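Data block for target11.txt (compact mmCIF, C-alpha atoms):
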```txt
# COMPACT_ATOMS: atom_id res chain seq x y z
CA MET A 1 -27.17 119.10 -65.66
CA ILE A 2 -25.39 119.70 -62.36
CA LYS A 3 -24.62 123.30 -61.48
CA VAL A 4 -22.65 124.49 -58.48
CA GLN A 5 -22.26 128.25 -58.11
CA ASN A 6 -20.14 130.29 -55.69
CA VAL A 7 -20.30 127.70 -52.97
CA ASP A 8 -18.51 128.28 -49.65
CA LYS A 9 -18.29 125.81 -46.81
CA ILE A 10 -16.54 126.33 -43.53
CA PHE A 11 -15.99 123.56 -40.95
CA ASP A 12 -14.93 124.91 -37.56
CA GLY A 13 -13.03 127.80 -39.06
CA PHE A 14 -11.51 125.70 -41.84
CA GLN A 15 -12.63 126.77 -45.27
CA ALA A 16 -13.16 123.49 -47.13
CA LEU A 17 -14.82 124.98 -50.22
CA HIS A 18 -13.99 128.41 -51.49
CA ASN A 19 -16.29 130.26 -53.91
CA LEU A 20 -16.54 127.09 -55.93
CA ASP A 21 -18.14 126.58 -59.33
CA LEU A 22 -18.81 123.29 -61.07
CA ASN A 23 -20.75 122.55 -64.24
CA VAL A 24 -21.53 119.05 -65.44
CA LYS A 25 -23.39 118.86 -68.74
CA LYS A 26 -26.12 116.30 -69.33
CA GLY A 27 -24.77 113.03 -70.70
CA SER A 28 -21.21 113.94 -69.87
CA ILE A 29 -18.66 111.99 -67.83
CA TYR A 30 -16.96 114.52 -65.61
CA GLY A 31 -13.75 113.70 -63.77
CA LEU A 32 -13.04 115.49 -60.52
CA VAL A 33 -9.38 115.37 -59.60
CA GLY A 34 -7.31 117.07 -56.94
CA THR A 35 -4.70 116.56 -54.27
CA ASN A 36 -5.55 114.86 -50.99
CA GLY A 37 -7.65 117.18 -48.89
CA ALA A 38 -8.53 119.42 -51.84
CA GLY A 39 -12.24 119.08 -51.08
CA LYS A 40 -13.39 116.47 -53.61
CA THR A 41 -15.40 114.39 -51.16
CA THR A 42 -16.81 117.50 -49.47
CA LEU A 43 -17.93 118.81 -52.85
CA ILE A 44 -19.50 115.48 -53.76
CA LYS A 45 -21.36 115.40 -50.46
CA HIS A 46 -22.79 118.80 -51.34
CA VAL A 47 -23.82 117.75 -54.82
CA THR A 48 -25.62 114.72 -53.42
CA GLY A 49 -27.44 116.86 -50.86
CA ILE A 50 -25.82 115.31 -47.80
CA LEU A 51 -24.16 118.52 -46.64
CA ARG A 52 -25.60 122.01 -46.86
CA GLN A 53 -23.46 124.84 -48.21
CA ASP A 54 -22.90 128.03 -46.18
CA SER A 55 -23.53 130.16 -49.25
CA GLY A 56 -23.96 129.77 -53.00
CA SER A 57 -26.25 127.40 -54.86
CA ILE A 58 -26.22 123.75 -55.87
CA SER A 59 -28.79 122.57 -58.36
CA ILE A 60 -29.57 119.66 -60.61
CA GLU A 61 -31.78 120.52 -63.58
CA ASP A 62 -32.28 123.96 -62.03
CA ALA A 63 -33.76 122.59 -58.79
CA PRO A 64 -31.87 122.82 -55.50
CA VAL A 65 -30.66 119.39 -54.35
CA TYR A 66 -30.74 119.71 -50.58
CA GLU A 67 -33.79 117.92 -49.09
CA ASN A 68 -35.19 117.48 -52.59
CA LEU A 69 -36.62 113.97 -52.69
CA LYS A 70 -37.63 114.09 -56.36
CA ILE A 71 -34.05 114.79 -57.47
CA LYS A 72 -32.46 112.46 -54.96
CA GLN A 73 -34.51 109.53 -56.28
CA ARG A 74 -32.74 109.99 -59.57
CA ILE A 75 -29.24 110.20 -58.11
CA GLY A 76 -27.06 107.14 -57.67
CA TYR A 77 -24.24 107.76 -55.24
CA ILE A 78 -21.41 105.49 -54.20
CA PRO A 79 -19.39 107.06 -51.41
CA ASP A 80 -15.77 106.28 -50.69
CA ASP A 81 -16.68 104.88 -47.27
CA LEU A 82 -19.50 102.45 -48.01
CA TYR A 83 -22.39 101.95 -45.66
CA PHE A 84 -24.60 98.89 -45.43
CA PHE A 85 -27.13 97.94 -42.78
CA ALA A 86 -25.60 95.57 -40.27
CA SER A 87 -26.56 91.93 -40.86
CA TYR A 88 -28.12 92.69 -44.28
CA ASN A 89 -27.20 90.57 -47.26
CA LEU A 90 -27.30 91.70 -50.88
CA LYS A 91 -30.81 90.40 -51.46
CA GLU A 92 -32.22 92.25 -48.46
CA SER A 93 -30.37 95.42 -49.46
CA ALA A 94 -31.86 95.11 -52.94
CA ARG A 95 -35.34 94.99 -51.41
CA PHE A 96 -34.55 98.15 -49.48
CA TYR A 97 -33.25 99.92 -52.59
CA LYS A 98 -36.36 98.87 -54.47
CA SER A 99 -38.54 100.56 -51.85
CA ILE A 100 -36.53 103.79 -52.13
CA TYR A 101 -35.81 104.15 -55.85
CA PRO A 102 -38.79 104.21 -58.25
CA GLY A 103 -36.54 103.38 -61.20
CA TRP A 104 -35.43 100.04 -59.71
CA ASN A 105 -34.78 97.47 -62.43
CA PRO A 106 -35.04 93.87 -61.16
CA GLU A 107 -33.84 92.32 -64.46
CA ARG A 108 -30.67 94.32 -64.40
CA TYR A 109 -30.12 93.49 -60.76
CA ALA A 110 -30.44 89.75 -61.43
CA HIS A 111 -28.16 90.01 -64.44
CA MET A 112 -25.48 91.95 -62.58
CA VAL A 113 -25.46 89.66 -59.56
CA LYS A 114 -24.79 86.76 -61.92
CA GLN A 115 -22.17 88.65 -63.87
CA PHE A 116 -20.24 89.85 -60.82
CA GLU A 117 -20.60 86.40 -59.24
CA LEU A 118 -21.59 87.64 -55.80
CA ASN A 119 -23.39 85.51 -53.24
CA GLU A 120 -26.73 87.17 -52.53
CA LYS A 121 -27.22 85.35 -49.25
CA ARG A 122 -23.94 86.18 -47.59
CA LYS A 123 -23.88 89.08 -45.15
CA LEU A 124 -22.44 92.19 -46.77
CA SER A 125 -20.28 92.82 -43.71
CA ARG A 126 -18.54 89.53 -44.48
CA PHE A 127 -17.64 90.66 -47.99
CA SER A 128 -14.12 91.86 -48.77
CA LYS A 129 -13.61 95.56 -49.44
CA GLY A 130 -13.63 95.02 -53.21
CA MET A 131 -16.74 92.84 -53.05
CA GLN A 132 -18.53 95.49 -51.00
CA LYS A 133 -17.71 98.02 -53.69
CA GLN A 134 -19.12 95.68 -56.30
CA ALA A 135 -22.27 95.19 -54.22
CA ALA A 136 -22.71 98.97 -53.94
CA PHE A 137 -22.21 99.30 -57.67
CA ILE A 138 -24.81 96.63 -58.46
CA LEU A 139 -27.36 98.24 -56.14
CA THR A 140 -26.73 101.73 -57.50
CA MET A 141 -26.76 100.78 -61.18
CA SER A 142 -29.93 98.71 -60.71
CA SER A 143 -31.72 101.82 -59.48
CA MET A 144 -31.18 103.24 -63.01
CA PRO A 145 -29.96 106.68 -61.89
CA ASP A 146 -30.04 109.68 -64.22
CA TYR A 147 -27.15 111.14 -62.23
CA LEU A 148 -24.36 108.83 -61.15
CA ILE A 149 -21.97 110.21 -58.57
CA LEU A 150 -18.94 108.12 -57.72
CA ASP A 151 -16.29 108.87 -55.12
CA GLU A 152 -13.16 106.82 -55.85
CA PRO A 153 -15.20 104.04 -57.48
CA ILE A 154 -12.42 101.81 -58.75
CA ASP A 155 -10.28 101.94 -55.66
CA GLY A 156 -9.66 98.36 -54.54
CA LEU A 157 -11.20 96.69 -57.60
CA ASP A 158 -9.32 94.22 -59.76
CA PRO A 159 -8.72 95.07 -63.45
CA ILE A 160 -11.44 92.72 -64.75
CA ILE A 161 -14.11 94.17 -62.48
CA ARG A 162 -12.90 97.70 -63.24
CA LYS A 163 -13.40 97.11 -66.93
CA LEU A 164 -16.88 95.74 -66.24
CA VAL A 165 -17.75 98.76 -64.09
CA TRP A 166 -16.72 101.19 -66.83
CA LYS A 167 -18.64 99.15 -69.41
CA TYR A 168 -21.83 99.63 -67.43
CA VAL A 169 -21.16 103.33 -66.95
CA VAL A 170 -20.41 103.91 -70.64
CA GLU A 171 -23.42 101.88 -71.70
CA ASP A 172 -25.81 103.93 -69.57
CA VAL A 173 -24.29 107.17 -70.80
CA ALA A 174 -24.68 106.00 -74.40
CA GLU A 175 -28.16 104.51 -74.03
CA ARG A 176 -29.89 106.77 -71.51
CA GLU A 177 -27.75 109.90 -71.47
CA MET A 178 -26.88 109.34 -67.84
CA THR A 179 -24.72 112.11 -66.36
CA VAL A 180 -21.65 111.03 -64.40
CA LEU A 181 -19.52 112.84 -61.85
CA VAL A 182 -16.56 110.77 -60.75
CA SER A 183 -13.60 111.51 -58.50
CA SER A 184 -10.42 109.48 -58.62
CA HIS A 185 -6.68 109.56 -58.22
CA ASN A 186 -6.24 107.09 -61.03
CA LEU A 187 -5.62 109.72 -63.67
CA ARG A 188 -4.79 107.29 -66.43
CA GLU A 189 -8.15 105.62 -66.12
CA MET A 190 -9.91 108.99 -65.85
CA GLU A 191 -8.19 110.09 -69.02
CA GLY A 192 -9.68 107.16 -70.89
CA ILE A 193 -13.22 107.62 -69.69
CA CYS A 194 -13.94 111.31 -69.00
CA ASP A 195 -14.76 114.06 -71.46
CA SER A 196 -14.52 116.93 -68.97
CA ILE A 197 -12.11 117.48 -66.13
CA GLY A 198 -12.22 119.69 -63.05
CA ILE A 199 -9.01 120.16 -61.10
CA LEU A 200 -9.63 121.08 -57.48
CA ASN A 201 -7.01 122.64 -55.25
CA LYS A 202 -7.46 123.77 -51.64
CA GLY A 203 -11.22 124.07 -51.99
CA LYS A 204 -11.07 126.07 -55.22
CA MET A 205 -11.77 124.97 -58.78
CA MET A 206 -8.49 125.63 -60.57
CA ILE A 207 -9.34 124.42 -64.04
CA GLU A 208 -12.58 123.15 -65.47
CA ARG A 209 -12.46 122.18 -69.12
CA ASP A 210 -13.07 119.74 -71.90
CA LEU A 211 -10.30 117.15 -71.54
CA ASP A 212 -9.17 117.26 -75.18
CA GLU A 213 -9.03 121.06 -75.14
CA LEU A 214 -7.02 120.95 -71.95
CA LYS A 215 -4.58 118.55 -73.55
CA SER A 216 -4.25 120.42 -76.82
CA ASP A 217 -3.15 123.51 -74.96
CA ILE A 218 -0.11 122.22 -73.14
CA HIS A 219 2.87 120.38 -74.58
CA LYS A 220 6.19 118.91 -73.69
CA ILE A 221 8.94 119.72 -76.19
CA GLN A 222 12.51 118.65 -76.67
CA VAL A 223 14.71 120.96 -78.73
CA ALA A 224 18.36 121.11 -79.68
CA PHE A 225 20.15 123.62 -81.90
CA ARG A 226 23.41 123.29 -83.79
CA GLU A 227 24.69 126.49 -82.18
CA PRO A 228 23.47 128.27 -79.07
CA MET A 229 20.55 130.51 -80.06
CA GLN A 230 19.56 133.92 -78.85
CA ASP A 231 16.27 133.42 -77.03
CA PRO A 232 14.71 130.84 -79.39
CA TYR A 233 11.53 130.55 -77.29
CA ALA A 234 10.39 134.18 -77.54
CA GLY A 235 6.61 134.35 -77.82
CA LEU A 236 5.99 131.04 -76.05
CA ASN A 237 4.46 130.63 -72.63
CA VAL A 238 7.11 128.48 -70.97
CA LEU A 239 5.97 126.82 -67.74
CA HIS A 240 9.07 124.84 -67.10
CA ARG A 241 12.48 124.66 -68.70
CA GLU A 242 15.57 122.63 -68.15
CA SER A 243 18.66 121.74 -70.12
CA ARG A 244 20.25 118.37 -70.48
CA GLY A 245 23.52 119.03 -72.23
CA THR A 246 22.57 120.66 -75.50
CA VAL A 247 18.98 119.45 -75.41
CA ASP A 248 16.36 121.70 -73.86
CA LEU A 249 13.27 120.21 -72.29
CA LEU A 250 10.33 122.57 -71.97
CA ILE A 251 6.73 122.55 -70.91
CA VAL A 252 4.83 125.19 -72.85
CA ARG A 253 1.24 126.29 -72.69
CA ASN A 254 0.45 127.21 -76.27
CA ARG A 255 -1.36 125.81 -79.28
CA LYS A 256 0.58 123.17 -81.19
CA GLU A 257 0.65 125.27 -84.37
CA LEU A 258 2.24 128.25 -82.63
CA VAL A 259 4.87 126.10 -80.90
CA GLU A 260 5.81 124.49 -84.20
CA LYS A 261 6.00 127.85 -85.94
CA VAL A 262 8.16 129.55 -83.31
CA ILE A 263 10.56 126.65 -82.88
CA SER A 264 11.06 125.83 -86.54
CA GLU A 265 12.02 129.45 -87.24
CA SER A 266 15.32 128.80 -85.47
CA SER A 267 15.82 125.58 -87.50
CA PRO A 268 16.53 123.13 -84.69
CA VAL A 269 18.36 119.84 -85.28
CA VAL A 270 16.12 118.07 -82.81
CA PHE A 271 12.49 118.97 -82.25
CA ASP A 272 9.98 116.66 -80.61
CA LEU A 273 6.56 117.75 -79.50
CA LEU A 274 4.58 115.51 -77.20
CA PRO A 275 1.15 115.97 -75.70
CA LEU A 276 1.14 115.81 -71.90
CA SER A 277 -0.69 113.09 -70.07
CA LEU A 278 -3.35 114.13 -67.58
CA GLU A 279 -0.99 112.99 -64.85
CA GLU A 280 1.68 115.42 -66.05
CA ILE A 281 -0.81 118.26 -66.42
CA PHE A 282 -1.94 117.59 -62.86
CA ILE A 283 1.61 117.69 -61.55
CA TYR A 284 2.54 120.88 -63.43
CA GLU A 285 -0.63 122.70 -62.49
CA LEU A 286 -0.60 121.68 -58.84
CA GLY A 287 3.03 121.09 -58.01
CA GLY A 288 4.83 123.08 -60.72
CA GLY A 289 6.54 125.48 -58.36
CA ASP A 290 7.77 122.80 -56.05
CA SER A 291 11.34 121.91 -56.89
CA GLU A 292 11.19 118.73 -54.81
CA ILE A 293 8.37 117.36 -56.95
CA GLU A 294 10.17 118.38 -60.11
CA GLY A 295 13.17 116.44 -58.93
CA ILE A 296 11.06 113.32 -58.81
CA ILE A 297 9.43 113.71 -62.20
CA PHE A 298 12.56 114.10 -64.26
CA MET B 299 -12.63 96.96 -85.21
CA PHE B 300 -9.46 98.43 -83.75
CA GLN B 301 -7.65 98.72 -80.45
CA LEU B 302 -6.94 101.81 -78.42
CA ASP B 303 -3.74 102.37 -76.53
CA LEU B 304 -4.58 103.87 -73.16
CA LYS B 305 -0.91 104.30 -72.36
CA SER B 306 -0.31 106.42 -75.44
CA ARG B 307 0.10 110.16 -75.13
CA THR B 308 -2.19 110.62 -78.09
CA SER B 309 -5.71 111.36 -76.88
CA ILE B 310 -8.46 108.78 -77.29
CA TYR B 311 -10.28 111.15 -79.59
CA GLU B 312 -7.29 111.45 -81.94
CA GLN B 313 -6.70 107.71 -81.80
CA VAL B 314 -10.27 107.02 -82.89
CA VAL B 315 -9.98 109.53 -85.75
CA ASP B 316 -6.62 108.15 -86.89
CA ASN B 317 -7.70 104.52 -86.66
CA ILE B 318 -10.86 104.99 -88.71
CA LYS B 319 -8.99 107.11 -91.23
CA GLU B 320 -6.41 104.40 -91.63
CA LEU B 321 -9.08 101.73 -92.09
CA ILE B 322 -10.67 103.86 -94.81
CA LEU B 323 -7.38 104.67 -96.55
CA ALA B 324 -6.30 101.03 -96.44
CA GLY B 325 -9.61 100.02 -97.99
CA VAL B 326 -10.69 97.87 -95.04
CA LEU B 327 -13.72 100.13 -94.81
CA SER B 328 -14.94 100.71 -98.33
CA ALA B 329 -16.97 103.58 -99.72
CA GLU B 330 -20.63 103.62 -98.73
CA GLU B 331 -19.98 101.11 -95.95
CA LYS B 332 -21.93 101.75 -92.77
CA LEU B 333 -19.90 102.57 -89.67
CA PRO B 334 -20.98 101.35 -86.24
CA SER B 335 -23.18 103.85 -84.44
CA VAL B 336 -21.70 106.08 -81.75
CA ARG B 337 -23.41 103.96 -79.10
CA GLU B 338 -22.19 100.66 -80.51
CA LEU B 339 -18.60 101.81 -80.91
CA SER B 340 -18.55 103.43 -77.50
CA LYS B 341 -19.71 100.17 -75.95
CA THR B 342 -17.28 97.94 -77.84
CA LEU B 343 -14.31 100.15 -77.04
CA THR B 344 -15.55 101.16 -73.55
CA VAL B 345 -15.01 104.77 -74.51
CA ASN B 346 -17.09 107.79 -73.58
CA PRO B 347 -19.79 108.22 -76.27
CA ASN B 348 -19.10 111.96 -76.34
CA THR B 349 -15.53 111.21 -77.42
CA ILE B 350 -16.73 108.96 -80.26
CA GLN B 351 -19.29 111.59 -81.27
CA LYS B 352 -16.54 114.18 -81.46
CA ALA B 353 -14.29 111.88 -83.48
CA TYR B 354 -17.11 111.22 -85.97
CA ARG B 355 -17.73 114.95 -86.28
CA GLU B 356 -14.06 115.55 -87.04
CA LEU B 357 -14.00 112.72 -89.63
CA GLU B 358 -17.10 114.20 -91.23
CA TYR B 359 -15.48 117.62 -91.27
CA GLN B 360 -12.43 116.12 -92.97
CA GLY B 361 -14.69 114.46 -95.53
CA PHE B 362 -13.98 110.83 -94.72
CA ILE B 363 -17.48 109.97 -93.60
CA TYR B 364 -20.98 111.38 -93.88
CA THR B 365 -24.14 111.05 -91.82
CA VAL B 366 -27.65 110.50 -93.04
CA ALA B 367 -30.18 111.43 -90.38
CA GLY B 368 -32.00 108.35 -89.16
CA LEU B 369 -29.87 105.94 -91.17
CA GLY B 370 -26.40 106.23 -89.72
CA THR B 371 -22.86 107.11 -90.68
CA PHE B 372 -21.19 105.99 -93.90
CA VAL B 373 -17.78 106.07 -95.53
CA SER B 374 -17.51 108.77 -98.22
CA LYS B 375 -16.47 108.09 -101.77
CA ALA B 376 -12.90 109.23 -102.40
CA VAL B 377 -14.01 111.88 -104.90
CA ASP B 378 -16.41 113.44 -102.44
CA LYS B 379 -13.60 114.60 -100.22
CA GLU B 380 -12.94 118.28 -100.09
CA VAL B 381 -9.29 119.23 -99.86
CA ASP B 382 -8.56 120.24 -96.29
CA VAL B 383 -6.00 123.03 -96.63
CA ARG B 384 -4.90 122.86 -93.02
CA ARG B 385 -4.30 119.13 -93.16
CA VAL B 386 -2.44 119.46 -96.48
CA GLY B 387 -0.14 121.95 -94.78
CA GLU B 388 0.53 119.52 -91.92
CA VAL B 389 1.28 116.62 -94.24
CA THR B 390 3.54 118.86 -96.35
CA GLU B 391 5.45 119.71 -93.20
CA GLU B 392 5.84 116.00 -92.42
CA LEU B 393 7.17 115.41 -95.94
CA ARG B 394 9.57 118.31 -95.58
CA ARG B 395 10.88 116.83 -92.35
CA GLY B 396 11.24 113.41 -93.94
CA ILE B 397 13.16 114.84 -96.87
CA ARG B 398 15.47 116.72 -94.52
CA GLU B 399 16.14 113.52 -92.63
CA LEU B 400 16.92 111.65 -95.85
CA GLY B 401 19.40 114.43 -96.60
CA PHE B 402 21.04 113.94 -93.21
CA LEU B 403 21.32 110.25 -94.00
CA GLY B 404 23.46 111.17 -97.00
CA LEU B 405 21.10 110.76 -99.94
CA THR B 406 21.56 113.11 -102.89
CA GLN B 407 18.76 115.22 -104.27
CA GLU B 408 18.42 112.89 -107.24
CA GLN B 409 18.18 109.81 -105.03
CA ILE B 410 15.48 111.43 -102.93
CA SER B 411 13.56 112.45 -106.00
CA MET B 412 13.76 108.88 -107.37
CA LEU B 413 12.53 107.55 -104.05
CA LEU B 414 9.54 109.89 -104.04
CA LYS B 415 8.71 108.88 -107.62
CA ASP B 416 8.86 105.19 -106.69
CA LEU B 417 6.58 105.80 -103.72
CA LEU B 418 4.09 107.61 -105.94
CA GLU B 419 4.09 104.78 -108.44
CA GLU B 420 3.59 102.28 -105.66
CA ARG B 421 0.22 103.93 -105.04
CA GLY B 422 -1.19 103.53 -108.51
CA ASP B 423 -4.73 104.32 -107.37
CA LEU B 424 -4.41 108.09 -107.09
CA ARG B 425 -6.46 110.28 -109.34
```
Starting from the file, lay out its structure as structure tokens.
Amino acid sequence: MIKVQNVDKIFDGFQALHNLDLNVKKGSIYGLVGTNGAGKTTLIKHVTGILRQDSGSISIEDAPVYENLKIKQRIGYIPDDLYFFASYNLKESARFYKSIYPGWNPERYAHMVKQFELNEKRKLSRFSKGMQKQAAFILTMSSMPDYLILDEPIDGLDPIIRKLVWKYVVEDVAEREMTVLVSSHNLREMEGICDSIGILNKGKMMIERDLDELKSDIHKIQVAFREPMQDPYAGLNVLHRESRGTVDLLIVRNRKELVEKVISESSPVVFDLLPLSLEEIFIYELGGGDSEIEGIIF
Amino acid sequence: MFQLDLKSRTSIYEQVVDNIKELILAGVLSAEEKLPSVRELSKTLTVNPNTIQKAYRELEYQGFIYTVAGLGTFVSKAVDKEVDVRRVGEVTEELRRGIRELGFLGLTQEQISMLLKDLLEERGDLR
């Protein structure tokens, strides 16, 4: 279990993290999303013990992470900007990983190298960006981490490799109860793989919830009445509303049952209720007030 | 066993529940048949095991499946199902909407009632 409590971090007068909390349950796949510059990478660098917080606490299984070798041996981390030793090839890197991580699994390493079809003898610096990501993934997964922390892992990978990457992640979560913290801008893919979501904005955790709960609480509805109604949406928490001719389009934050009850009382001629995609939730929560963004969505 | 639609607005969890339910109702999965384990299904579908776990729990709650500790998850017999009042309400609402739409299309009350009767007869397997 990863627990971040009241963490602040200031870089040269710029507050990157602001009284931030994060909770990742054991065996969960947690998606960290947020706008550019929201602090995702900074937060991840704190969770992996690379940066030290100014205040607050960061712990994995109740032990502080910073300078904690025992915990770090069980963390697999793939940063957004990969780092390999100059002139090392995959085979040499594997030897290095083996000396660092006690859980190193040579069978899995051999299997993955074959499956990803990478040349072990070629210098890693000569690999393409996508191949370097694959190499990092092979090395990290072969160290059999209990905590897998991925910063933009699928960026630059082709769809076949992406599928393979997720297969490995899901398998380890299912078989060994590995805990995953992953940041990405690919919300559609996150929606398919994560069970919990944290939305980060300007260094603060805006929403942290079970993904299905988050989705069952916010809906997009289309309604039309035969005659204009007197305030048909009383009792609903309307986040956004616009009219297209006689049809009203609304975003409401309420339970489905309540929305259905309130709307059907005014006997509408058209009534559609759709769940929002994570992408839409993201846009409404983070850009809802911005009319320019709204103009693009609709 | 079935395919998930990642582009759909319906959540993965609901899709898993609906798909298994449909397989049971259509008789593809028969009573007492063993379902794949959470791990197996999560691997075949590349879906978070927690999501599958939750879907199984919901199906168990609705009476479609049952779990025997150490043995696995099985399809319930039709008679074992307890009537889920909430779900009955939802389906009733769907029927009400369907009937209203048939009315809009110009069918008389008698025609609609005939149609419903035919549909009931089509499913001769109800208790």
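Across the model, the gap from atom CA of Asp316 of chain B to atom CA of Val173 of chain A is 23.9 Å.
Atom pair atom CA of Gly203 of chain A / atom CA of Ile10 of chain A has a distance of 10.2 Å (rounded to one decimal).
Contacts from chain B to chain A at a cut-off of 9 Å (only C-alpha atoms) map to Leu304, Lys305, Ser306, Arg307, Thr308, Ser309, Ile310, Tyr311, Val336, Arg337, Glu338, Ser340, Lys341, Thr342, Leu343, Thr344, Val345, Asn346, Pro347, Asn348 and Thr349 of chain B.
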Okay, now the selection with C-alpha atoms, as a compact mmCIF listing (two decimals), in the coordinates of the input?
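Generated file (out17.txt):
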```
# COMPACT_ATOMS: atom_id res chain seq x y z
CA LEU B 304 -4.58 103.87 -73.16
CA LYS B 305 -0.91 104.30 -72.36
CA SER B 306 -0.31 106.42 -75.44
CA ARG B 307 0.10 110.16 -75.13
CA THR B 308 -2.19 110.62 -78.09
CA SER B 309 -5.71 111.36 -76.88
CA ILE B 310 -8.46 108.78 -77.29
CA TYR B 311 -10.28 111.15 -79.59
CA VAL B 336 -21.70 106.08 -81.75
CA ARG B 337 -23.41 103.96 -79.10
CA GLU B 338 -22.19 100.66 -80.51
CA SER B 340 -18.55 103.43 -77.50
CA LYS B 341 -19.71 100.17 -75.95
CA THR B 342 -17.28 97.94 -77.84
CA LEU B 343 -14.31 100.15 -77.04
CA THR B 344 -15.55 101.16 -73.55
CA VAL B 345 -15.01 104.77 -74.51
CA ASN B 346 -17.09 107.79 -73.58
CA PRO B 347 -19.79 108.22 -76.27
CA ASN B 348 -19.10 111.96 -76.34
CA THR B 349 -15.53 111.21 -77.42
```
Enclose the full set of atoms of segment 384-390 of chain B listed in the file within a box whose edges lie along x, y and z, apply 8 Å of padding to each of the six sides, and report centre and edge lengths in Å to one decimal as JSON.
```
{"center_x": -0.7, "center_y": 119.7, "center_z": -94.2, "size_x": 24.4, "size_y": 22.2, "size_z": 20.6}
```
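Closest approach to Tyr77 of chain A among A:Gln53, A:Ser183, A:Arg95, A:Ala16: A:Ser183, based on all atoms listed in the file.
The closest residue to Gln73 of chain A, picked from A:Ser264, A:Ser143, A:Asn36, A:Asn23 and counting all atoms listed in the file, is A:Ser143.
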Using all atoms listed in the file, determine which residues lie at most 9 Å from segment 352-357 of chain B, disregarding the query and same-chain residues fewer than 3 positions distant; provide the list as a list in words. Tyr311, Glu312, Gln313, Val314, Val315, Ile318, Lys319, Val336, Pro347, Asn348, Thr349, Gln360, Gly361, Phe362, Ile363, Tyr364 and Thr371 of chain B
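The shortest atom-to-atom distance to Val47 of chain A, with all atoms listed in the file taken into account, belongs to A:Val180 out of A:Ile160, A:Leu90, A:Val180, A:Val252.
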Who sits within 8 Å of Ile410 of chain B, all atoms listed in the file, same chain under 5 positions skipped, as a JSON list (two decimals) with C-alpha atoms, keeping the file's coordinate frame:
```json
[["chain", "number", "residue", "atom", "x", "y", "z"],
["B", 397, "ILE", "CA", 13.16, 114.84, -96.87],
["B", 400, "LEU", "CA", 16.92, 111.65, -95.85],
["B", 405, "LEU", "CA", 21.10, 110.76, -99.94]]
```
For a test of reading the model, state the distance in Å between atom CA of Pro268 of chain A and atom CA of Phe225 of chain A, rounded to one decimal. 4.6 Å
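If you measure from each of A:Gly287, A:His219, A:Gly198, A:Ile138 to Gln115 of chain A using all atoms listed in the file, the closest one turns out to be A:Ile138.
For the set A:Val65, A:Ile263, A:Pro145, A:Asp272, the residue with the smallest atom-to-atom gap to Leu51 of chain A is A:Val65, counting only C-alpha atoms.
Closest approach to Glu331 of chain B among B:Phe372, B:Glu358, B:Gln351, B:Leu418 is made by B:Phe372 (distances from all atoms listed in the file).
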For segment 314-325 of chain B, which lacks atoms in the input, supply N, CA and C atoms and format the output as a compact mmCIF listing (two decimals), in the coordinates of the input.
```txt
# COMPACT_ATOMS: atom_id res chain seq x y z
N VAL B 314 -9.09 107.51 -82.17
CA VAL B 314 -10.27 107.02 -82.89
C VAL B 314 -10.28 107.59 -84.32
N VAL B 315 -10.01 108.90 -84.43
CA VAL B 315 -9.98 109.53 -85.75
C VAL B 315 -8.92 108.85 -86.63
N ASP B 316 -7.71 108.72 -86.10
CA ASP B 316 -6.62 108.15 -86.89
C ASP B 316 -6.91 106.71 -87.31
N ASN B 317 -7.44 105.93 -86.37
CA ASN B 317 -7.70 104.52 -86.66
C ASN B 317 -8.74 104.37 -87.77
N ILE B 318 -9.81 105.12 -87.69
CA ILE B 318 -10.86 104.99 -88.71
C ILE B 318 -10.34 105.48 -90.05
N LYS B 319 -9.58 106.58 -90.01
CA LYS B 319 -8.99 107.11 -91.23
C LYS B 319 -8.12 106.06 -91.91
N GLU B 320 -7.32 105.41 -91.09
CA GLU B 320 -6.41 104.40 -91.63
C GLU B 320 -7.19 103.24 -92.26
N LEU B 321 -8.26 102.83 -91.56
CA LEU B 321 -9.08 101.73 -92.09
C LEU B 321 -9.71 102.13 -93.43
N ILE B 322 -10.07 103.40 -93.55
CA ILE B 322 -10.67 103.86 -94.81
C ILE B 322 -9.60 103.93 -95.91
N LEU B 323 -8.44 104.52 -95.55
CA LEU B 323 -7.38 104.67 -96.55
C LEU B 323 -6.85 103.32 -97.00
N ALA B 324 -6.82 102.35 -96.08
CA ALA B 324 -6.30 101.03 -96.44
C ALA B 324 -7.36 100.20 -97.17
N GLY B 325 -8.57 100.73 -97.26
CA GLY B 325 -9.61 100.02 -97.99
C GLY B 325 -10.32 98.95 -97.18
```
